[in-house]
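Q: Structure below; questions to follow.
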Amino acid sequence: MSSLGQEELKLDADGYLMDPSTWTEQIACALAEREGISDECPLSKERMEILKFVRDYYKRFEAFPIIRAVCKNVGQEKSCQYHQFPDPITAWKIAGLPQPNPEVLAKIRH
Amino acid sequence: MADELTPDEALDKIDYRPRSSSEPRNWLDTTKSVQIRPGMYCYAAKPESVETLGLPYAREWNPTDEDWKLPENWQEILHEGIKERLERFRTFKIFMDICVRCGACADKCHFFLGTGDPKNMPVLRAELLRSIYRNDFTFAGKLLKKIPGGKRLLGSREMSLEALKEMWYYFFQCTECRRCSVFCPYGIDTAEITIIGRELLNLLGLNIDWIATPVSNCYQTGNHLGIQPHAFKDMLEFFVEDIEDITGVDCTPEFQKKGADILFITPSGDVFADPGTYTCQGYLILFKYLKDKYGLDVTWSTYASEGGNFGFFTSHETMKRLNAKMYAEAKRLGVKWILGGECGHMWRVINQYMDTMNGPADFLEVPVNPITGTRFENAASTKMVHICEFTADLIKHGKLELDKSRNANRVLTFHDSCNPARGMGLLEEPRYCIKACADEFYEMPPNTIREQTFCCGSGAGLNAGENIELRMAGALPRANAVKYVHNKFGVNSLATICAIDRAALPTMCEYWVPEVDVIGVHELVGNALILPGEKERTEDLRMEPLPGVEEE
């Protein structure tokens with residue numbers, strides 16, 4: 001269980017962190033628990049690598065990376081994204097990133 | 001959600017019988033308001049997206065709320081809107097007047113076939129607006145509304161809030177695919193009625209978010225997904241890396257190269273989402289091959305980074321604004337002509353609207369394939385050639401060296417995308433390309449392909465998540481035909497030439513025919529094309545072992 005209180009976790013109606021700049025590894029744990037991904041804290045090394053990569057990518061490009069580019073960039077096996085976060089949107093959420101626009105969302109999820 | 005509804009349950013839900021006695025006997029009766037049901041509708045447009053485009057009445061509203069926060073004089077706005085469009089668009093006036101309600105279109109719509117909802121019969125969907133037209137704009141309507149029973153006799157009704165809600169609900173349950181039009185003895189283009197219907201709804205700020213936000217993105221950043229120039233470049237560079245791993249050849253493209261011969265524009269979905277990304281790699285491989293062998297000079301643009309045009313699903317004016325960017329970029333770069341990627345509605349916009357909207361593009365040349373000398377007369381005015389025409393022409397002239405065995409694991413069929421098929425008659429070229437790149441190809445039944453092709457069920461801006469039940473219902477006729485060739489011939493791959501298809505059909509297949517995979521035509525080309533100096537390939541573009549190669 002994460003020690004983070006609900007009052008520190010400011011989320012929008014769809015469960016995205018309101019202010020991405022407030023993200024910490026603690027918050028990632030709380031979000032992962034909320035999304036039913038993991039109740040361990042800290043999160044596994046593999047998951048943290050993915051989260052840090054998508055955060056970094058978002059910072060540079062204000063965009064979401066191509067899903068299959070994620071695993072290649074963090075040096076994990078080809079289906080790492082699927083194995084660690086079966087629904088890629090949960091990875092963005094746990095990484096504290098804002099909600100993608102509806103077309104991006106549909107293209108990621110289809 | 002269809003996630004919660006199994007395919008068998010979804011099939012059981014379809015009901016073609018006349019409606020139950022608890023419902024109004026006469027469909028014109030709007031005393032019982034339309035039931036806007038979750039799973040069947042898309043979320044309302046976000047106010048910021050409507051505002052960016054300068055479209056009216058941006059506000060938060062919810063389709064399931066009683067109050068849609070309409071402007072006070074909304075009936076007057078609609079009345080004036082209809083009046084103006086009757087004067088501007090002769091087609092609209094004719095389509096309002098000439099329908100005899102013969103019903104030839106009724107069972108041709110994938111949404112009617114997949115739901116059984118009578119208001120999804122194209123004739124009845126159009127009648128939602130036509131009934132108001134008759135009441136307010138025809139002599140008979142004005143006369144008969146004063147007589148008891150007159151409205152029923154004529155099929156006319158007042159513009160009530162319930163009638164408006166009904167129009168909104170059903171105009172966003174039409175993918176503007178135009179299959180119904182093929183069967184109309186009068187040639188009524190029901191899609192044009194939906195187009196005008198949606199344009200009228202936009203006068204009241206009643207767009208859906210899955211259209212409004214991509215349009216707003218496209219207006220600001222050049223593409224629907226909102227990919228900025230440096231990100232667009234980064235995404236293509238990722239493909240270049242993957243291609244180099246697979247082939248050993250560096251396919252780095254040019255960006256905004258002034259004086260290039262050809263500007264290439266494709267839907268942004270191709271650079272972002274699988275399996276479109278593999279099609280995109282196919283384009284890169286083709287251009288590299290043509291550059292090395294024949295010196296073809298192609299450039300991409302991070303500004304004109306969208307082939308699609310969701311403005312088409314909003315209003316004529318918005319479509320025009322988004323379309324203009326392609327030609328502005330072609331002019332700025334000084335290219336000779338434009339080559340367009342595998343996209344659906346983009347080609348209807350180009351072929352049927354562009355020329356009188358932003359054209360003629362006199363500053364460009366009539367497209368000539370510099371390698372074969374073929375002059376694309378069909379594109380003499382728009383100056384834009386479909387990549388399947390271009391590739392088919394190269395194959396026909398023996399200019400491409402292709403190794404079919406690399407696609408030997410694919411037993412293919414081809415889904416004609418509605419707009420290239422019915423909007424530009426592109427029927428043979430994609431098949432010609434597929435057959436040159438793979439051996440096993442089987443057609444779906446004749447009444448489900450070519451001009452009679454069935455829609456993916458998610459076009460015209462309806463490929464959202466929240467209306468998944470509608471999408472899966474609308475995809476049923478197409479899926480049924482896919483299942484038929486899967487069972488009969490062992491088809492495992494559904495080829496297509498549209499970015500919405502590449503996003504929508506995998507969901508359809510997963511739901512209705514899980515054994516079948518979706519693939520773009522230029523992914524097949526990319527696999528088969530033998531690049532000069534390539535290493536011995538062991539993997540296809542998806543980095544799966546090639547047929548006959550053991551996985552390590």
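All residue names refer to the structure tokens as shown: chains lettered A, B, ... in order, residues numbered from 1 in each chain, ligands numbered from 1 in order.
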Please check the contacts: residues of chain A at most 9 Å away from chain B, using only C-alpha atoms, listed as a PyMOL selection string.

A: chain A and resi 60-69+101-110

Q: To one decimal place, how far is atom CA of Gly311 of chain B from atom CA of Asp270 of chain B in Å?

A: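 Going from atom CA of Gly311 of chain B over to atom CA of Asp270 of chain B, I get 18.8 Å.
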
Q: Excluding same-chain residues fewer than 6 positions from segment 16-28 of chain A, what lies within 9 Å of it counting only C-alpha atoms, as a tab-separated table (two decimals) with C-alpha atoms, in the first residue's frame?

A:
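The result, stored in around.tsv:
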```tsv
chain	number	residue	atom	x	y	z
A	2	SER	CA	1.20	3.48	-0.71
A	3	SER	CA	1.29	5.93	2.15
A	4	LEU	CA	-0.07	8.76	0.05
A	8	GLU	CA	-2.54	14.74	-2.14
A	9	LEU	CA	-3.73	12.96	-5.25
A	10	LYS	CA	-5.53	15.59	-7.30
A	41	CYS	CA	5.86	0.45	-3.90
A	42	PRO	CA	8.31	1.29	-5.35
A	43	LEU	CA	7.10	0.00	-8.71
A	48	MET	CA	9.52	2.69	-13.86
A	51	LEU	CA	7.01	5.58	-17.08
A	92	TRP	CA	0.11	7.58	-19.34
A	93	LYS	CA	-2.12	7.94	-16.31
A	94	ILE	CA	0.40	6.45	-13.91
A	95	ALA	CA	3.11	8.60	-15.49
A	96	GLY	CA	0.97	11.59	-14.48
A	97	LEU	CA	0.44	12.80	-18.04
A	98	PRO	CA	-2.67	14.63	-19.21
A	99	GLN	CA	-5.52	12.94	-21.05
```

Q: Can you list, as number ranges by chain, all residues belonging to segment 170-385 of chain B that DSSP tags as alpha helix (DSSP H)?

A: B: 170-171, 179-183, 190-202, 209-221, 229-247, 269-272, 276-294, 316-333, 345-348, 355-357

Q: Find the residues around Thr52 of chain B up to 9 Å (only C-alpha atoms counted), leave out those fewer than 3 positions away in its own chain, and share them as a VMD selection string.

A: chain B and resid 47 to 49 55 216 219 to 220

Q: One decimal, Å: what's the distance from atom CA of Lys399 of chain B over to atom CA of Gly282 of chain B, could you say?

A: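 About the pair atom CA of Lys399 of chain B and atom CA of Gly282 of chain B: they are 16.3 Å apart.
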
Q: Check segment 329-407 of chain B with DSSP on the backbone and list each residue it calls strand (DSSP E or B), as a list in words.

A: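 Here is the list: Trp337, Ile338, Leu339, Gly340, Val368, Arg375, Met384, Val385, His386 and Leu402 of chain B.
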
Q: Take the residues from that selection and put them in a file with N, CA and C atoms, as a PDB file, in the first residue's frame.

A:
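Once everything was written out, this is selection_25.pdb:
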```pdb
ATOM      1  N   TRP B 337       3.797  18.252 -58.259  1.00  0.00           N
ATOM      2  CA  TRP B 337       2.470  17.733 -57.927  1.00  0.00           C
ATOM      3  C   TRP B 337       2.496  17.021 -56.588  1.00  0.00           C
ATOM      4  N   ILE B 338       1.311  16.584 -56.141  1.00  0.00           N
ATOM      5  CA  ILE B 338       1.206  15.980 -54.811  1.00  0.00           C
ATOM      6  C   ILE B 338       0.860  14.496 -54.938  1.00  0.00           C
ATOM      7  N   LEU B 339       1.535  13.692 -54.142  1.00  0.00           N
ATOM      8  CA  LEU B 339       1.230  12.271 -54.055  1.00  0.00           C
ATOM      9  C   LEU B 339       0.553  12.054 -52.705  1.00  0.00           C
ATOM     10  N   GLY B 340      -0.562  11.338 -52.705  1.00  0.00           N
ATOM     11  CA  GLY B 340      -1.306  11.149 -51.454  1.00  0.00           C
ATOM     12  C   GLY B 340      -1.268   9.709 -51.000  1.00  0.00           C
ATOM     13  N   VAL B 368       2.748  13.731 -63.837  1.00  0.00           N
ATOM     14  CA  VAL B 368       3.338  12.742 -64.739  1.00  0.00           C
ATOM     15  C   VAL B 368       4.303  11.914 -63.901  1.00  0.00           C
ATOM     16  N   ARG B 375       0.883   9.904 -67.718  1.00  0.00           N
ATOM     17  CA  ARG B 375       0.246  11.164 -67.356  1.00  0.00           C
ATOM     18  C   ARG B 375      -1.076  10.825 -66.671  1.00  0.00           C
ATOM     19  N   MET B 384      -3.297  15.812 -57.719  1.00  0.00           N
ATOM     20  CA  MET B 384      -2.982  14.919 -56.605  1.00  0.00           C
ATOM     21  C   MET B 384      -3.270  13.478 -56.998  1.00  0.00           C
ATOM     22  N   VAL B 385      -2.241  12.621 -56.867  1.00  0.00           N
ATOM     23  CA  VAL B 385      -2.325  11.231 -57.311  1.00  0.00           C
ATOM     24  C   VAL B 385      -2.337  10.302 -56.102  1.00  0.00           C
ATOM     25  N   HIS B 386      -3.162   9.273 -56.183  1.00  0.00           N
ATOM     26  CA  HIS B 386      -3.238   8.271 -55.113  1.00  0.00           C
ATOM     27  C   HIS B 386      -2.045   7.332 -55.215  1.00  0.00           C
ATOM     28  N   LEU B 402      10.012  -7.197 -56.964  1.00  0.00           N
ATOM     29  CA  LEU B 402       9.226  -7.627 -55.804  1.00  0.00           C
ATOM     30  C   LEU B 402       9.438  -9.111 -55.506  1.00  0.00           C
TER      31      LEU B 402
END
```

Q: If we count only C-alpha atoms and set the cut-off at 9 Å, which residues sit around Arg348 of chain B, ignoring sequence neighbours fewer than 3 positions away in its own chain? Please answer as an mmCIF file with C-alpha atoms, in the first residue's frame.

A:
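Once everything was written out, this is around18.cif:
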```cif
data_model
loop_
_atom_site.group_PDB
_atom_site.id
_atom_site.type_symbol
_atom_site.label_atom_id
_atom_site.label_comp_id
_atom_site.auth_asym_id
_atom_site.auth_seq_id
_atom_site.Cartn_x
_atom_site.Cartn_y
_atom_site.Cartn_z
ATOM 1 C CA GLY B 344 -10.329 7.270 -47.213
ATOM 2 C CA HIS B 345 -12.327 10.490 -46.989
ATOM 3 C CA ASN B 351 -11.828 14.355 -56.048
ATOM 4 C CA GLN B 352 -15.245 15.783 -55.464
ATOM 5 C CA TYR B 353 -14.741 19.084 -53.643
ATOM 6 C CA MET B 354 -11.203 20.433 -53.887
ATOM 7 C CA ASN B 419 -14.566 6.910 -50.296
ATOM 8 C CA PRO B 420 -11.813 5.756 -52.695
ATOM 9 C CA ARG B 422 -17.439 5.261 -54.418
ATOM 10 C CA GLY B 423 -15.841 8.713 -54.371
ATOM 11 C CA MET B 424 -13.143 8.184 -57.003
#
```

Q: Which of these, B:Lys325, B:Thr413, B:Leu204, B:Lys13, has the shortest distance to Glu76 of chain B once you count only C-alpha atoms?

A: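 That would be B:Leu204, the residue with the smallest distance to Glu76 of chain B.
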
Q: Got a sec: who's within 8 Å of segment 75-85 of chain A, counting only C-alpha atoms, leaving out chain neighbours fewer than 3 positions off, as a ChimeraX atom specification?

A: /A:37,46-47,50,67-68,70-72,88,90-91
